[in-house]
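Asker: Dropping in model_20.txt, with compact mmCIF, C-alpha atoms and all ligand atoms.
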# COMPACT_ATOMS: atom_id res chain seq x y z
CA MET T 604 -18.15 0.25 -29.27
CA SER T 605 -15.87 -1.53 -26.78
CA GLU T 606 -13.25 0.60 -25.05
CA LYS T 607 -9.55 0.08 -25.79
CA MET T 608 -7.80 -1.45 -22.77
CA ILE T 609 -4.19 -1.15 -21.58
CA HIS T 610 -2.45 -3.84 -19.53
CA ARG T 611 -1.55 -2.54 -16.02
CA HIS T 612 -0.99 -5.41 -13.55
CA THR T 613 0.20 -9.01 -14.02
CA ARG T 614 -1.74 -11.85 -12.39
CA LEU T 615 1.14 -12.45 -9.98
CA SER T 616 1.30 -8.80 -8.86
CA ILE T 617 -2.50 -8.80 -8.35
CA PHE T 618 -2.17 -11.97 -6.26
CA MET T 619 0.71 -10.44 -4.21
CA HIS T 620 -1.30 -7.26 -3.60
CA TRP T 621 -4.39 -9.07 -2.25
CA PHE T 622 -2.26 -11.56 -0.32
CA ASN T 623 -0.49 -8.55 1.25
CA ALA T 624 -3.84 -6.87 2.05
CA PHE T 625 -5.17 -10.10 3.65
CA CYS T 626 -1.97 -10.53 5.73
CA TRP T 627 -2.06 -6.87 6.81
CA PHE T 628 -5.61 -7.13 8.16
CA ALA T 629 -5.04 -10.52 9.81
CA LEU T 630 -1.75 -9.31 11.38
CA LEU T 631 -3.42 -6.09 12.51
CA LEU T 632 -6.26 -7.96 14.23
CA THR T 633 -4.02 -10.57 15.86
CA GLY T 634 -1.44 -7.86 16.77
CA LEU T 635 -4.04 -5.61 18.40
CA GLY T 636 -5.38 -8.70 20.16
CA LEU T 637 -1.96 -9.13 21.83
CA ILE T 638 -2.04 -5.65 23.46
CA LYS T 639 -3.67 -6.29 26.81
CA ASN T 640 -2.84 -2.80 28.14
CA GLU T 641 -6.05 -0.80 27.57
CA GLU T 642 -4.20 2.52 27.64
CA LEU T 643 -2.01 1.44 24.73
CA ASN T 644 -4.62 -0.41 22.71
CA PRO T 645 -6.43 2.08 20.44
CA VAL T 646 -9.54 -0.13 20.31
CA GLY T 647 -9.78 -0.92 24.03
CA ALA T 648 -10.15 -4.32 25.77
CA TRP T 649 -12.90 -5.96 23.73
CA LEU T 650 -10.64 -6.96 20.80
CA PRO T 651 -7.92 -8.67 22.91
CA ASN T 652 -10.68 -10.52 24.80
CA LEU T 653 -12.40 -11.59 21.58
CA MET T 654 -9.16 -12.64 19.82
CA ARG T 655 -7.90 -14.56 22.85
CA SER T 656 -11.16 -16.46 23.18
CA LEU T 657 -11.18 -17.22 19.43
CA PHE T 658 -7.62 -18.59 19.43
CA GLY T 659 -7.71 -20.28 22.85
CA GLY T 660 -5.53 -17.84 24.83
CA GLY T 661 -2.74 -15.28 24.44
CA GLU T 662 0.03 -17.83 23.75
CA ASN T 663 -1.77 -19.32 20.76
CA LEU T 664 -2.62 -15.84 19.48
CA LEU T 665 1.07 -14.87 19.65
CA LEU T 666 2.03 -18.02 17.70
CA VAL T 667 -0.55 -17.28 14.99
CA HIS T 668 0.66 -13.65 14.74
CA GLN T 669 4.35 -14.68 14.58
CA TYR T 670 3.93 -17.47 12.01
CA LEU T 671 1.59 -15.42 9.83
CA GLY T 672 4.20 -12.62 9.90
CA LEU T 673 6.88 -15.12 8.84
CA VAL T 674 4.70 -16.42 5.97
CA TRP T 675 4.00 -12.81 4.87
CA ALA T 676 7.68 -11.84 4.90
CA GLY T 677 8.71 -15.19 3.34
CA ALA T 678 6.31 -14.71 0.40
CA PHE T 679 7.80 -11.28 -0.35
CA LEU T 680 11.34 -12.64 -0.01
CA ALA T 681 10.46 -15.38 -2.52
CA TYR T 682 8.96 -12.76 -4.87
CA ILE T 683 12.15 -10.67 -4.68
CA LEU T 684 14.36 -13.74 -5.32
CA PHE T 685 12.30 -15.18 -8.20
CA LYS T 686 11.21 -11.87 -9.75
CA PRO T 687 14.19 -9.52 -9.27
CA ARG T 688 13.42 -7.55 -12.44
CA ALA T 689 9.76 -6.97 -11.56
CA THR T 690 10.82 -5.96 -8.02
CA TRP T 691 13.41 -3.54 -9.39
CA SER T 692 10.98 -1.95 -11.88
CA PHE T 693 8.42 -1.50 -9.09
CA LEU T 694 10.99 0.21 -6.83
CA LYS T 695 12.22 2.33 -9.75
CA GLU T 696 8.63 3.38 -10.39
CA VAL T 697 7.69 4.36 -6.84
CA PHE T 698 10.84 5.88 -5.29
CA PRO T 699 11.98 8.62 -7.72
CA VAL T 700 10.09 11.90 -7.23
CA SER T 701 10.06 15.20 -9.14
CA PRO T 702 9.80 17.59 -6.17
CA ALA T 703 8.37 20.63 -8.01
CA SER T 704 5.63 18.90 -10.01
CA ASP T 705 4.86 16.20 -7.40
CA MET T 706 4.40 18.73 -4.57
CA GLN T 707 2.19 20.79 -6.87
CA TRP T 708 0.16 17.64 -7.65
CA LEU T 709 -0.26 16.90 -3.93
CA LEU T 710 -1.30 20.45 -3.07
CA LYS T 711 -3.78 20.72 -5.95
CA MET T 712 -5.22 17.25 -5.30
CA THR T 713 -5.77 18.12 -1.61
CA LEU T 714 -7.48 21.41 -2.57
CA LYS T 715 -9.54 19.66 -5.25
CA MET T 716 -10.76 17.01 -2.80
CA THR T 717 -11.54 19.48 -0.02
CA LEU T 718 -12.70 22.62 -1.87
CA GLY T 719 -13.42 21.41 -5.42
CA ARG T 720 -12.13 22.84 -8.73
CA LYS T 721 -13.45 26.30 -7.81
CA GLY T 722 -11.44 26.17 -4.57
CA ILE T 723 -8.23 25.72 -6.57
CA GLU T 724 -9.08 28.70 -8.78
CA ARG T 725 -9.70 30.83 -5.67
CA PHE T 726 -5.98 30.43 -4.92
CA GLY T 727 -5.19 31.72 -8.41
CA LEU T 728 -4.14 28.22 -9.56
CA SER T 729 -5.27 26.28 -12.63
CA PRO T 730 -7.32 23.21 -11.62
CA ASP T 731 -5.35 20.95 -14.00
CA LEU T 732 -3.04 18.56 -12.18
CA PRO T 733 0.59 18.10 -13.31
CA PRO T 734 0.96 14.99 -15.55
CA GLN T 735 1.66 11.71 -13.73
CA GLY T 736 3.49 8.50 -14.64
CA PHE T 737 2.46 4.87 -13.93
CA TYR T 738 1.59 5.88 -10.35
CA ASN T 739 0.48 9.33 -9.20
CA PHE T 740 2.41 11.00 -6.37
CA GLY T 741 -0.19 9.97 -3.74
CA GLN T 742 0.12 6.30 -4.77
CA LYS T 743 3.92 6.64 -4.75
CA LEU T 744 3.96 8.08 -1.22
CA PHE T 745 1.89 5.20 0.12
CA ALA T 746 3.91 2.61 -1.81
CA GLN T 747 7.13 4.10 -0.34
CA ALA T 748 5.63 4.00 3.17
CA SER T 749 4.48 0.41 2.76
CA VAL T 750 7.87 -0.77 1.43
CA VAL T 751 9.99 1.04 4.07
CA GLY T 752 7.38 0.35 6.78
CA GLY T 753 7.22 -3.32 5.74
CA VAL T 754 11.00 -3.72 6.09
CA VAL T 755 10.98 -2.06 9.55
CA ILE T 756 7.98 -4.14 10.70
CA VAL T 757 9.62 -7.42 9.58
CA ALA T 758 13.03 -6.52 11.06
CA THR T 759 11.59 -5.53 14.46
CA GLY T 760 9.25 -8.54 14.35
CA LEU T 761 12.24 -10.86 13.81
CA VAL T 762 14.12 -9.30 16.76
CA MET T 763 11.08 -9.95 19.00
CA PHE T 764 10.61 -13.47 17.58
CA PHE T 765 14.23 -14.47 18.31
CA SER T 766 14.11 -12.82 21.74
CA THR T 767 11.32 -15.27 22.70
CA ILE T 768 13.83 -18.08 22.00
CA SER T 769 16.81 -16.54 23.81
CA MET T 770 15.99 -14.01 26.55
CA ASP T 771 19.64 -13.02 27.35
CA ASN T 772 19.19 -9.31 26.61
CA PRO T 773 15.62 -7.90 26.69
CA GLY T 774 16.72 -4.39 25.49
CA PRO T 775 16.51 -4.88 21.69
CA ALA T 776 13.12 -6.61 22.00
CA ALA T 777 11.74 -3.72 24.08
CA TRP T 778 12.91 -1.15 21.52
CA SER T 779 11.65 -3.29 18.66
CA ARG T 780 8.19 -3.49 20.26
CA VAL T 781 7.91 0.34 20.33
CA ILE T 782 9.22 0.80 16.76
CA HIS T 783 7.01 -2.09 15.46
CA TYR T 784 3.90 -0.53 17.06
CA LEU T 785 4.62 3.04 15.83
CA THR T 786 5.48 1.91 12.28
CA VAL T 787 2.27 -0.13 11.99
CA GLY T 788 0.34 2.96 13.20
CA LEU T 789 1.97 5.21 10.57
CA VAL T 790 1.45 2.79 7.66
CA PHE T 791 -2.12 2.15 8.84
CA ALA T 792 -2.88 5.92 8.69
CA GLY T 793 -1.68 5.89 5.06
CA LEU T 794 -3.67 2.71 4.41
CA LEU T 795 -6.93 4.46 5.34
CA VAL T 796 -6.21 7.10 2.67
CA HIS T 797 -5.10 4.36 0.21
CA ILE T 798 -8.36 2.43 0.67
CA PHE T 799 -10.43 5.62 0.36
CA MET T 800 -8.65 6.72 -2.83
CA ALA T 801 -8.48 3.24 -4.36
CA ALA T 802 -11.81 1.67 -3.49
CA ILE T 803 -14.23 4.48 -2.61
CA SER T 804 -13.29 7.46 -4.83
CA ARG T 805 -15.26 7.26 -8.11
CA GLU T 806 -12.45 8.85 -10.13
CA GLU T 807 -10.12 5.95 -9.35
CA ARG T 808 -12.75 3.20 -9.98
CA PRO T 809 -10.93 2.00 -13.18
CA ALA T 810 -7.70 1.48 -11.19
CA PHE T 811 -9.67 -0.49 -8.57
CA LYS T 812 -11.13 -2.75 -11.30
CA SER T 813 -7.62 -3.22 -12.72
CA MET T 814 -6.61 -4.82 -9.40
CA PHE T 815 -8.89 -7.72 -10.44
CA THR T 816 -8.78 -7.72 -14.26
CA GLY T 817 -5.23 -6.41 -14.80
CA ASN T 818 -6.39 -3.85 -17.41
CA VAL T 819 -7.50 -0.19 -17.51
CA SER T 820 -9.22 1.80 -20.23
CA GLU T 821 -7.10 3.93 -22.54
CA HIS T 822 -9.36 6.88 -21.67
CA TYR T 823 -8.51 6.58 -17.94
CA VAL T 824 -4.77 6.26 -18.64
CA ARG T 825 -4.77 9.29 -20.94
CA HIS T 826 -6.43 11.47 -18.28
CA HIS T 827 -4.87 10.20 -15.06
CA HIS T 828 -1.43 8.91 -16.05
CA SER T 829 -0.54 10.89 -19.17
CA LEU T 830 3.24 10.37 -18.85
CA TRP T 831 2.70 6.60 -18.72
CA TYR T 832 0.27 6.90 -21.65
CA ALA T 833 2.98 8.64 -23.71
CA GLN T 834 5.39 5.77 -22.89
CA VAL T 835 2.84 3.10 -23.87
CA ALA T 836 2.06 4.96 -27.12
CA ALA T 837 5.78 5.32 -27.95
CA GLU T 838 6.37 1.57 -27.38
CA LYS T 839 3.36 0.74 -29.59
CA ASP T 840 4.76 2.94 -32.38
CA LYS T 841 8.18 1.27 -32.05
CA ASP T 842 6.62 -2.22 -32.32
CA GLY T 843 4.70 -1.03 -35.40
C1 LIG T 901 -8.97 -3.30 1.24
C2 LIG T 901 -7.69 -2.99 1.10
C3 LIG T 901 -7.05 -2.46 -0.14
C4 LIG T 901 -7.60 -1.98 -1.30
C5 LIG T 901 -9.06 -1.81 -1.65
C6 LIG T 901 -6.50 -1.63 -2.17
C7 LIG T 901 -6.61 -1.15 -3.45
C8 LIG T 901 -5.57 -0.97 -4.34
C9 LIG T 901 -5.69 -0.67 -5.75
C10 LIG T 901 -6.99 -0.51 -6.49
C11 LIG T 901 -4.44 -0.55 -6.27
C12 LIG T 901 -4.07 -0.30 -7.74
C13 LIG T 901 -3.85 1.17 -7.99
C14 LIG T 901 -3.53 1.40 -9.45
O1 LIG T 901 -3.46 0.49 -10.27
O2 LIG T 901 -3.35 2.57 -9.79
C15 LIG T 901 -3.51 -0.75 -5.20
C16 LIG T 901 -2.13 -0.72 -5.33
C17 LIG T 901 -1.27 -0.83 -4.27
N1 LIG T 901 -1.61 -1.14 -2.97
FE1 LIG T 901 -3.46 -1.50 -2.26
N2 LIG T 901 -5.33 -1.88 -1.51
C18 LIG T 901 -5.62 -2.40 -0.28
C19 LIG T 901 -4.72 -2.78 0.69
C20 LIG T 901 -3.37 -2.53 0.63
C21 LIG T 901 -2.43 -2.77 1.70
C22 LIG T 901 -2.78 -3.36 3.06
C23 LIG T 901 -1.21 -2.36 1.26
C24 LIG T 901 0.11 -2.33 1.98
C25 LIG T 901 0.25 -2.05 3.23
C26 LIG T 901 -1.37 -1.91 -0.10
C27 LIG T 901 -0.35 -1.44 -0.88
C28 LIG T 901 -0.45 -1.15 -2.23
C29 LIG T 901 0.68 -0.84 -3.07
C30 LIG T 901 2.14 -0.77 -2.63
C31 LIG T 901 0.16 -0.64 -4.35
C32 LIG T 901 0.97 -0.32 -5.60
C33 LIG T 901 1.56 -1.60 -6.09
C34 LIG T 901 0.68 -2.35 -7.00
O3 LIG T 901 0.17 -1.77 -7.96
O4 LIG T 901 0.56 -3.58 -6.79
N3 LIG T 901 -2.69 -2.02 -0.45
N4 LIG T 901 -4.22 -1.01 -4.04
If you convert what's in this file into structure tokens, what do you get?

Answerer:
Amino acid sequence: MSEKMIHRHTRLSIFMHWFNAFCWFALLLTGLGLIKNEELNPVGAWLPNLMRSLFGGGENLLLVHQYLGLVWAGAFLAYILFKPRATWSFLKEVFPVSPASDMQWLLKMTLKMTLGRKGIERFGLSPDLPPQGFYNFGQKLFAQASVVGGVVIVATGLVMFFSTISMDNPGPAAWSRVIHYLTVGLVFAGLLVHIFMAAISREERPAFKSMFTGNVSEHYVRHHHSLWYAQVAAEKDKDG
């Protein structure tokens, strides 16, 4: 018997997600390629050398990085302008937190992943996780970091971009460089966890598939996002 499916992501939001992922990796590679200082570059000198030879020198590499960053930011600006309701519902979904149950979810999830269900019981806790909505607290934390981080990265990137046109005051560009670099590092640390949880963890395999098909099984939703399941069921009842 075929499983009942629930709609989770629109085709446009799937496209935006993978476009964002592509831009992130391309910007990361070209950005790291710009850092010639070996002490600052976490991957050493080979990447800047490789990227510079691929793009025909540091100046071209900087242009590619800057214009790709502008395309990335421009696409999100267009999304916000043309889809204000979808943008607002996404922000309303990821920013509100319920401190007591969300912290409990995070603590239990960490114990479950490191020590297993028995490990949770050893602390006198039940292994059942608090119910979650459309996104679980881990997904919310990363979404918050990528939204806030994205705004900071674009703002500092724009300051640096305009400082290459007018070099009257180098101060803001110098500060922006440090903030840009640190923010990318922080979001990247979260991205490693995001990729592990989303693409490698077996439990979240249905959510990974939904980032291509748009749908998830009712069984997965009932077990992993029970608050969202209750909402979907209530809407179905209302529509008859
Ligand atoms: C290889 C890279 C990536 C993989 C495999 C991946 C995987 C996924 C999956 C499977 C989901 C859906 C989760 C669900 O429906 O419950 C998701 C959502 C999300 N991802 Fe990624 N992701 C990647 C890169 C990125 C990057 C680079 C960012 C941002 C810096 C990002 C930000 C988000 C956000 C904000 C969401 C929630 C919004 C949405 O559902 O569209 N992801 N990701």

Asker: Could you list, as a PyMOL selection string, all protein and nucleic acid residues with an atom at most 6 Å from ligand LIG 901 (chain T), counting only C-alpha atoms and all ligand atoms?

Answerer: chain T and resi 616+620+623-624+627+738+746+749+798+801-802+810-811+814

Asker: CA of Pro699 (chain T) to CA of Leu744 (chain T): how many Å, to one decimal?

Answerer: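 Between CA of Pro699 (chain T) and CA of Leu744 (chain T) the gap works out to 10.3 Å.
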
Asker: Find, counting only C-alpha atoms, the residue in T:Asn663, T:His668, T:Ile768, T:Ala678 that gets nearest to Leu615 (chain T).

Answerer: T:Ala678

Asker: What is the CA of Val750 (chain T)-CA of Phe679 (chain T) distance in Å, reported with one decimal?

Answerer: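 One can read the CA of Val750 (chain T) to CA of Phe679 (chain T) distance as 10.7 Å.
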
Asker: Please provide the set of residues having any atom within 12 Å of Leu761 (chain T), restricted to all atoms listed in the file, with same-chain residues fewer than 6 positions apart removed, written as a list of chain:residue names.

Answerer: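 Once the adjacent positions are removed, what remains is T:His668, T:Gln669, T:Tyr670, T:Gly672, T:Leu673, T:Ala676, T:Gly677, T:Val754, T:Val755, T:Thr767, T:Ile768, T:Pro775, T:Ala776, T:Ser779, T:Arg780, T:His783.
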
Asker: What separation in Å, quoted to one decimal, exists between CA of Phe726 (chain T) and CA of Ser704 (chain T)?

Answerer: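 Distance reported for this atom pair: 17.1 Å.
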
Asker: Could you list, with a cut-off of 12 Å and counting all atoms listed in the file, the residues of region 657-741 of chain T near region 818-825 of chain T, each shown with its nearest atom pair and the distance in Å rounded to one decimal, rows sorted by chain and ascending number, as CSV?

Answerer:
residue,atom,partner,partner_atom,distance
T:Pro734,CA,T:Arg825,CA,9.7
T:Gln735,CA,T:Val824,CA,9.8
T:Gly736,CA,T:Val824,CA,9.4
T:Phe737,CA,T:Val824,CA,8.7
T:Tyr738,CA,T:Val824,CA,10.5
T:Asn739,CA,T:Val824,CA,11.2

Asker: Which residues are near Val790 (chain T)? Cut-off 7 Å, all atoms listed in the file, ignore same chain within fewer than 4 positions. Put them as a tab-separated table (two decimals) with C-alpha atoms, in the frame of the given file.

Answerer:
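Writing the result to out-v4.tsv gives the following:
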chain	number	residue	atom	x	y	z
T	748	ALA	CA	5.63	4.00	3.17
T	749	SER	CA	4.48	0.41	2.76
T	752	GLY	CA	7.38	0.35	6.78
T	786	THR	CA	5.48	1.91	12.28
T	794	LEU	CA	-3.67	2.71	4.41

Asker: Taking all atoms of region 709-713 of chain T that the file lists and extending 5 Å past them on each side, where is the centre of the axis-aligned box and how long are its edges? Answer in Å to one decimal, as lines of an AutoDock Vina configuration file.

Answerer:
center_x = -3.0
center_y = 18.8
center_z = -3.8
size_x = 15.5
size_y = 13.8
size_z = 14.3
